[in-house]
Amino acid sequence: MSALLLRGVELEGRVVDVRCRDGLVVEVGPGLRSGPDEEVLEGSGGAVLPGLFDHHVHLLAMAAAAASLDLGPTAVAVPVGLDREIRAAVADGQAGGWLRAAGYHEAWGGPLDRDRLDRLTGPDRPLRVKHRTGHAWILNTAGCIAVREPENRSGWFVGRDDWLRERLPPAPPPDLAPVGDRLVRLGVTGVTDATPTGDRGHLVVLAGAVTSGALPLRVRVTGGLALAGLPRPPGTERGPVKLMVLDDDGADLGGLIEAVASAHRGGAAVAIHAVSELGAVVAVAAWAQAGVLAGDRLEHGSVLPDALTGFLAAQGVTVVTQPGFVQERGDYYLGNVDPDDLGVLYRCRSLLDAGVAVAGSTDAPFGPDDPWLAMRAAVDRRTRLGAVVGAGEALTPGEALGLFLGHPDRPGGPSRAVEPRAAADLCLLDCPLVTALDELDASHVAATVVAGRVVHRRS
Ligand SMILES: [Zn+2]
């Protein structure tokens, strides 16, 4: 069925009906009559929004995390929780096979090394634990032996994802259906996968999941420079080219300038990952040399010095930020981040005031996957334990919602609208907009529509 009528929904303060056909909104107004072949979705006065777009996620890592032992902050509030989860998983599983855990961070798991893991698993069961940031693995002794690096005393493998994968038994790609299901329940109708992969197989898996319906939403994929010129498998849309500034071992400014210029020559915008002040400075220096193309973005901008905001505003570079990190890791930042940087961590308000375009994302699974949680954090700037980080960076609820309503090609631009000729990507709430803005809670998502098709309806 390609026709859908949303009946009795709140839009811009009035109750109207919204007709969708062939993937588009075609009619908005009060008292529309439903046609014989039309599916009807009763709105009961709940607000209809453009579907949320999460501008920076990692879908395959989300799927892998969903299939792993969860050591994230919900499962593991405090270090003894990590001990309990790992012990229980070892007791449950069959001996011999790898145990894989994800979501660990010092902030809630406490310090972790090979010896602590050995005490929890014993000598026989290989275990690998992915750090919440995605940049490191921690292995127990059985794991270090299995990957033929028994002399690694700490058990930490930093930035060695590909190296590690080659030493692990081959595994089928993870199932993306639970990820798709979770996203549409949150009211998300599209994502940008911001993985800097050079592996075309990554694109093939994502495109296959879109085509099969496992991912029933719009998927844009960045990929690294190596994929920029290659044809894309049908199913996914092409995003900007993802570039990394590796600032821990000396940033390569010359290489970054060449990469930006090369992407631009091919007509592609770039999305540059920068989580430190140095990273942001190097990214801006590269843009100053190579030039800026419409759609260029700075990912994270976790610590953005004032000296850069004028350039970002004047050149139209969008900052794609993650307020959810303030909630999830704020307590850790308060104890571990340079006090001078605390006030400008994950800036929002001061960027908007300086004229910088700002868009929101979750960075799932390396941050909490719920955009509503990110919106709340953008408004109250509260940590899990209730402390406040950067109160001066708070947004209004409407601005926070707007972080997830931008067009995927212009994430920090104007919000999409529910109007004729717009894509029928919609999020229907069970309450008026005023309530939704007051609470910013995913529990109000009643239904999700992608390209005019109902992909989630709360039962
Ligand atoms: Zn990321």
# chains A, B, ... in the order shown; residues from 1 in each chain; ligands from 1
$ select_by_dssp --residues "range 263-300 of chain A" --states "strand (DSSP E or B)" --output "ChimeraX atom specification"
/A:270-274,297-300
$ write_last_selection --atoms "C-alpha atoms" --output "compact mmCIF listing (two decimals), in the first residue's frame"
# COMPACT_ATOMS: atom_id res chain seq x y z
CA VAL A 270 34.25 16.07 3.86
CA ALA A 271 33.44 15.21 7.47
CA ILE A 272 36.57 15.67 9.58
CA HIS A 273 36.77 13.89 12.95
CA ALA A 274 38.29 16.14 15.62
CA ARG A 297 31.44 19.24 8.54
CA LEU A 298 33.52 18.97 11.67
CA GLU A 299 32.60 15.81 13.61
CA HIS A 300 32.47 16.06 17.42
$ residues_around --residues "Trp372 in chain A" --least-positions-apart "5" --cutoff "8 Å" --atoms "only C-alpha atoms" --output "PyMOL selection string"
chain A and resi 186+440-442
$ closest_residue --among "A:Ala314, A:Val434, A:Val450, A:Val90" --to "Leu11 in chain A" --atoms "only C-alpha atoms"
A:Val434
$ closest_atom_pairs --of "chain A" --to "ligand 1" --cutoff "8 Å" --atoms "only C-alpha atoms and all ligand atoms" --output "CSV"
residue,atom,partner,partner_atom_place_in_ligand_line,distance
A:His56,CA,ligand 1,1 (Zn),6.2
A:Val57,CA,ligand 1,1 (Zn),6.0
A:His58,CA,ligand 1,1 (Zn),6.4
A:Ala194,CA,ligand 1,1 (Zn),5.9
A:Thr195,CA,ligand 1,1 (Zn),6.6
A:His273,CA,ligand 1,1 (Zn),7.7
A:Glu299,CA,ligand 1,1 (Zn),7.7
A:Asp363,CA,ligand 1,1 (Zn),4.8
A:Ala364,CA,ligand 1,1 (Zn),7.4
A:Phe366,CA,ligand 1,1 (Zn),6.9
$ write_last_selection --atoms "N, CA and C atoms" --output "mmCIF file, in the first residue's frame"
data_model
loop_
_atom_site.group_PDB
_atom_site.id
_atom_site.type_symbol
_atom_site.label_atom_id
_atom_site.label_comp_id
_atom_site.auth_asym_id
_atom_site.auth_seq_id
_atom_site.Cartn_x
_atom_site.Cartn_y
_atom_site.Cartn_z
ATOM 1 N N HIS A 56 25.292 11.106 12.763
ATOM 2 C CA HIS A 56 26.603 10.445 12.926
ATOM 3 C C HIS A 56 26.421 9.198 13.795
ATOM 4 N N VAL A 57 26.397 8.052 13.147
ATOM 5 C CA VAL A 57 26.338 6.768 13.866
ATOM 6 C C VAL A 57 27.281 5.788 13.169
ATOM 7 N N HIS A 58 27.420 4.601 13.763
ATOM 8 C CA HIS A 58 28.229 3.531 13.171
ATOM 9 C C HIS A 58 27.393 2.258 13.223
ATOM 10 N N ALA A 194 28.963 7.211 9.787
ATOM 11 C CA ALA A 194 30.171 8.041 9.666
ATOM 12 C C ALA A 194 31.444 7.231 9.876
ATOM 13 N N THR A 195 31.426 5.990 9.458
ATOM 14 C CA THR A 195 32.600 5.139 9.640
ATOM 15 C C THR A 195 33.620 5.424 8.536
ATOM 16 N N HIS A 273 36.875 14.279 11.541
ATOM 17 C CA HIS A 273 36.774 13.890 12.952
ATOM 18 C C HIS A 273 37.807 14.660 13.759
ATOM 19 N N GLU A 299 33.261 16.792 12.762
ATOM 20 C CA GLU A 299 32.596 15.808 13.608
ATOM 21 C C GLU A 299 33.106 15.929 15.038
ATOM 22 N N ASP A 363 26.544 9.321 17.773
ATOM 23 C CA ASP A 363 27.782 8.548 17.647
ATOM 24 C C ASP A 363 27.593 7.112 18.156
ATOM 25 N N ALA A 364 26.361 6.621 18.175
ATOM 26 C CA ALA A 364 26.125 5.245 18.621
ATOM 27 C C ALA A 364 26.948 4.271 17.774
ATOM 28 N N PHE A 366 29.118 4.389 20.262
ATOM 29 C CA PHE A 366 30.189 4.938 21.103
ATOM 30 C C PHE A 366 29.654 6.027 22.024
#
$ closest_residue --among "A:Val210, A:Leu437, A:Ala251, A:Leu428" --to "Leu59 in chain A" --atoms "only C-alpha atoms"
A:Val210
$ residues_around --residues "range 410-416 of chain A" --least-positions-apart "4" --cutoff "12 Å" --atoms "only C-alpha atoms" --output "MDAnalysis selection string"
chainID A and resid 49:56 190:192 239:240 269 271 293:299 313 316:321 348 351:352 355:361 398:406 420:426
$ write_last_selection --atoms "C-alpha atoms" --output "compact mmCIF listing (two decimals), in the first residue's frame"
# COMPACT_ATOMS: atom_id res chain seq x y z
CA LEU A 49 7.37 15.95 13.31
CA PRO A 50 9.75 15.38 10.44
CA GLY A 51 11.47 12.09 11.30
CA LEU A 52 14.61 12.47 13.36
CA PHE A 53 17.89 12.22 11.46
CA ASP A 54 20.89 11.02 13.44
CA HIS A 55 23.78 12.65 11.60
CA HIS A 56 26.60 10.45 12.93
CA GLY A 190 17.47 8.33 8.71
CA VAL A 191 21.09 8.15 9.74
CA THR A 192 24.50 9.00 8.39
CA GLY A 239 27.47 11.05 2.38
CA PRO A 240 30.56 13.22 2.76
CA ALA A 269 32.15 17.22 0.89
CA ALA A 271 33.44 15.21 7.47
CA LEU A 293 32.84 22.93 0.01
CA ALA A 294 29.13 23.17 0.83
CA GLY A 295 28.30 20.26 3.14
CA ASP A 296 31.73 20.14 4.85
CA ARG A 297 31.44 19.24 8.54
CA LEU A 298 33.52 18.97 11.67
CA GLU A 299 32.60 15.81 13.61
CA ALA A 313 30.80 30.50 10.79
CA GLY A 316 29.70 27.54 6.61
CA VAL A 317 31.28 24.45 8.17
CA THR A 318 28.70 22.58 10.26
CA VAL A 319 29.72 21.22 13.67
CA VAL A 320 28.11 17.79 14.20
CA THR A 321 28.10 17.46 17.98
CA CYS A 348 26.23 24.34 21.45
CA LEU A 351 28.42 28.17 18.54
CA LEU A 352 24.88 29.12 17.51
CA GLY A 355 26.69 31.96 13.73
CA VAL A 356 28.10 28.42 13.43
CA ALA A 357 25.71 25.79 12.04
CA VAL A 358 25.29 22.98 14.59
CA ALA A 359 23.72 19.55 14.08
CA GLY A 360 23.14 16.70 16.51
CA SER A 361 24.02 13.05 16.54
CA GLY A 398 13.16 23.70 20.34
CA GLU A 399 16.80 24.26 19.37
CA ALA A 400 17.72 20.84 20.78
CA LEU A 401 15.02 19.13 18.70
CA GLY A 402 16.21 21.10 15.68
CA LEU A 403 19.66 19.47 15.98
CA PHE A 404 18.03 16.28 14.62
CA LEU A 405 15.68 17.85 12.06
CA GLY A 406 18.15 19.26 9.54
CA PRO A 420 3.48 18.93 0.44
CA ARG A 421 6.39 17.63 -1.70
CA ALA A 422 8.51 16.85 1.37
CA ALA A 423 9.67 13.27 1.86
CA ALA A 424 7.09 11.40 3.95
CA ASP A 425 9.59 10.66 6.74
CA LEU A 426 7.60 11.36 9.88
$ closest_residue --among "A:Leu32, A:Cys431, A:Leu183, A:Ala66" --to "Gly45 in chain A" --atoms "only C-alpha atoms"
A:Cys431
$ select_by_dssp --residues "range 222-332 of chain A" --states "alpha helix (DSSP H)" --output "MDAnalysis selection string"
chainID A and resid 253:265 277:290 306:315 324:332
$ residues_around --residues "Ser34 in chain A" --least-positions-apart "3" --cutoff "8 Å" --atoms "only C-alpha atoms" --output "PyMOL selection string"
chain A and resi 5+38+40
$ atom_distance --atom1 "CA of Glu328 in chain A" --atom2 "CA of Arg384 in chain A"
5.9 Å
$ residues_around --residues "range 96-103 of chain A" --least-positions-apart "4" --cutoff "10 Å" --atoms "only C-alpha atoms" --output "MDAnalysis selection string"
chainID A and resid 61:62 64:76 85:86 89:90 108:109 121 124:134 137:139 142:143 146 168:169 365:368
$ write_last_selection --atoms "C-alpha atoms" --output "PDB file, in the first residue's frame"
ATOM      1  CA  ALA A  61      29.462  -1.383  15.304  1.00  0.00           C
ATOM      2  CA  MET A  62      25.935  -0.885  16.708  1.00  0.00           C
ATOM      3  CA  ALA A  64      28.142  -5.873  16.891  1.00  0.00           C
ATOM      4  CA  ALA A  65      27.560  -4.141  20.226  1.00  0.00           C
ATOM      5  CA  ALA A  66      23.945  -5.334  20.299  1.00  0.00           C
ATOM      6  CA  ALA A  67      25.227  -8.906  19.919  1.00  0.00           C
ATOM      7  CA  SER A  68      27.873  -8.485  22.650  1.00  0.00           C
ATOM      8  CA  LEU A  69      27.885  -8.572  26.415  1.00  0.00           C
ATOM      9  CA  ASP A  70      26.790  -5.042  27.366  1.00  0.00           C
ATOM     10  CA  LEU A  71      29.257  -3.210  29.626  1.00  0.00           C
ATOM     11  CA  GLY A  72      27.711   0.214  28.922  1.00  0.00           C
ATOM     12  CA  PRO A  73      26.553   2.577  31.670  1.00  0.00           C
ATOM     13  CA  THR A  74      23.016   1.186  31.889  1.00  0.00           C
ATOM     14  CA  ALA A  75      24.174  -2.381  32.492  1.00  0.00           C
ATOM     15  CA  VAL A  76      27.220  -1.373  34.535  1.00  0.00           C
ATOM     16  CA  GLU A  85      28.351  -9.036  34.222  1.00  0.00           C
ATOM     17  CA  ILE A  86      31.542 -10.725  33.041  1.00  0.00           C
ATOM     18  CA  ALA A  89      28.557 -14.347  31.033  1.00  0.00           C
ATOM     19  CA  VAL A  90      31.467 -16.730  31.609  1.00  0.00           C
ATOM     20  CA  TRP A 108      31.633   3.402  35.047  1.00  0.00           C
ATOM     21  CA  GLY A 109      33.740   0.244  34.729  1.00  0.00           C
ATOM     22  CA  THR A 121      37.199 -15.194  33.379  1.00  0.00           C
ATOM     23  CA  ASP A 124      40.580 -20.694  29.506  1.00  0.00           C
ATOM     24  CA  ARG A 125      37.961 -18.428  28.002  1.00  0.00           C
ATOM     25  CA  PRO A 126      39.276 -15.773  25.572  1.00  0.00           C
ATOM     26  CA  LEU A 127      37.564 -12.423  26.139  1.00  0.00           C
ATOM     27  CA  ARG A 128      37.830  -9.166  24.263  1.00  0.00           C
ATOM     28  CA  VAL A 129      36.272  -5.973  25.563  1.00  0.00           C
ATOM     29  CA  LYS A 130      35.668  -3.004  23.271  1.00  0.00           C
ATOM     30  CA  HIS A 131      36.216   0.412  24.787  1.00  0.00           C
ATOM     31  CA  ARG A 132      33.170   2.693  24.593  1.00  0.00           C
ATOM     32  CA  THR A 133      35.079   5.123  22.370  1.00  0.00           C
ATOM     33  CA  GLY A 134      35.641   2.374  19.811  1.00  0.00           C
ATOM     34  CA  TRP A 137      40.209  -3.381  22.825  1.00  0.00           C
ATOM     35  CA  ILE A 138      41.224  -4.957  26.135  1.00  0.00           C
ATOM     36  CA  LEU A 139      41.959  -8.707  26.113  1.00  0.00           C
ATOM     37  CA  ALA A 142      43.561 -16.370  26.879  1.00  0.00           C
ATOM     38  CA  GLY A 143      42.611 -13.678  24.370  1.00  0.00           C
ATOM     39  CA  ALA A 146      44.647 -16.515  20.841  1.00  0.00           C
ATOM     40  CA  LEU A 168      40.178 -13.668  15.034  1.00  0.00           C
ATOM     41  CA  PRO A 169      38.128 -16.519  13.616  1.00  0.00           C
ATOM     42  CA  PRO A 365      27.348   2.781  19.753  1.00  0.00           C
ATOM     43  CA  PHE A 366      30.189   4.938  21.103  1.00  0.00           C
ATOM     44  CA  GLY A 367      27.638   7.232  22.742  1.00  0.00           C
ATOM     45  CA  PRO A 368      24.074   6.561  23.953  1.00  0.00           C
TER      46      PRO A 368
END
$ atom_distance --atom1 "CA of Glu277 in chain A" --atom2 "CA of Gly224 in chain A"
22.4 Å
$ closest_residue --among "A:Ser262, A:Thr197, A:Thr309, A:Thr236" --to "Gly223 in chain A" --atoms "only C-alpha atoms"
A:Thr197
$ residues_around --residues "Ser154 in chain A" --least-positions-apart "2" --cutoff "10 Å" --atoms "only C-alpha atoms" --output "PDB file with C-alpha atoms, in the first residue's frame"
ATOM      1  CA  LEU A 112      40.635  -2.382  33.371  1.00  0.00           C
ATOM      2  CA  ASP A 113      43.557  -4.529  32.314  1.00  0.00           C
ATOM      3  CA  ARG A 114      44.445  -8.096  31.445  1.00  0.00           C
ATOM      4  CA  ASP A 115      44.952  -9.117  35.086  1.00  0.00           C
ATOM      5  CA  ARG A 116      41.533  -7.893  36.190  1.00  0.00           C
ATOM      6  CA  ILE A 138      41.224  -4.957  26.135  1.00  0.00           C
ATOM      7  CA  LEU A 139      41.959  -8.707  26.113  1.00  0.00           C
ATOM      8  CA  ASN A 140      42.467 -11.264  28.864  1.00  0.00           C
ATOM      9  CA  THR A 141      45.416 -13.654  28.801  1.00  0.00           C
ATOM     10  CA  CYS A 144      46.184 -12.342  24.046  1.00  0.00           C
ATOM     11  CA  GLU A 151      53.624 -10.599  25.766  1.00  0.00           C
ATOM     12  CA  ASN A 152      51.109  -7.702  25.786  1.00  0.00           C
ATOM     13  CA  TRP A 156      45.278  -3.117  25.635  1.00  0.00           C
ATOM     14  CA  PHE A 157      45.183  -2.962  21.837  1.00  0.00           C
TER      15      PHE A 157
END
$ decode --residues "range 110-126 of chain A" --atoms "N, CA and C atoms" --output "CSV table (one decimal), in the first residue's frame"
chain,number,residue,atom,x,y,z
A,110,GLY,N,35.5,1.4,35.9
A,110,GLY,CA,36.8,1.4,36.6
A,110,GLY,C,38.0,1.0,35.8
A,111,PRO,N,39.2,1.1,36.3
A,111,PRO,CA,40.4,0.8,35.5
A,111,PRO,C,40.3,-0.7,35.1
A,112,LEU,N,40.8,-1.0,33.9
A,112,LEU,CA,40.6,-2.4,33.4
A,112,LEU,C,41.9,-2.8,32.7
A,113,ASP,N,42.4,-4.0,33.0
A,113,ASP,CA,43.6,-4.5,32.3
A,113,ASP,C,43.4,-6.1,32.3
A,114,ARG,N,44.4,-6.7,31.7
A,114,ARG,CA,44.4,-8.1,31.4
A,114,ARG,C,44.3,-8.9,32.8
A,115,ASP,N,45.0,-8.4,33.8
A,115,ASP,CA,45.0,-9.1,35.1
A,115,ASP,C,43.5,-9.1,35.7
A,116,ARG,N,42.9,-7.9,35.6
A,116,ARG,CA,41.5,-7.9,36.2
A,116,ARG,C,40.6,-8.8,35.4
A,117,LEU,N,40.8,-8.8,34.1
A,117,LEU,CA,39.9,-9.7,33.3
A,117,LEU,C,40.2,-11.2,33.6
A,118,ASP,N,41.5,-11.5,33.8
A,118,ASP,CA,41.8,-12.9,34.1
A,118,ASP,C,41.1,-13.3,35.4
A,119,ARG,N,41.1,-12.4,36.4
A,119,ARG,CA,40.4,-12.8,37.6
A,119,ARG,C,38.9,-13.1,37.4
A,120,LEU,N,38.3,-12.5,36.4
A,120,LEU,CA,36.9,-12.6,36.2
A,120,LEU,C,36.6,-13.8,35.3
A,121,THR,N,37.5,-14.1,34.4
A,121,THR,CA,37.2,-15.2,33.4
A,121,THR,C,37.9,-16.5,33.7
A,122,GLY,N,39.0,-16.5,34.5
A,122,GLY,CA,39.8,-17.7,34.6
A,122,GLY,C,40.7,-17.8,33.4
A,123,PRO,N,41.5,-18.9,33.3
A,123,PRO,CA,42.5,-18.9,32.3
A,123,PRO,C,42.1,-19.4,30.9
A,124,ASP,N,40.9,-19.9,30.7
A,124,ASP,CA,40.6,-20.7,29.5
A,124,ASP,C,39.8,-19.9,28.5
A,125,ARG,N,38.9,-19.0,28.9
A,125,ARG,CA,38.0,-18.4,28.0
A,125,ARG,C,38.5,-17.1,27.4
A,126,PRO,N,38.8,-17.1,26.1
A,126,PRO,CA,39.3,-15.8,25.6
A,126,PRO,C,38.2,-14.7,25.6
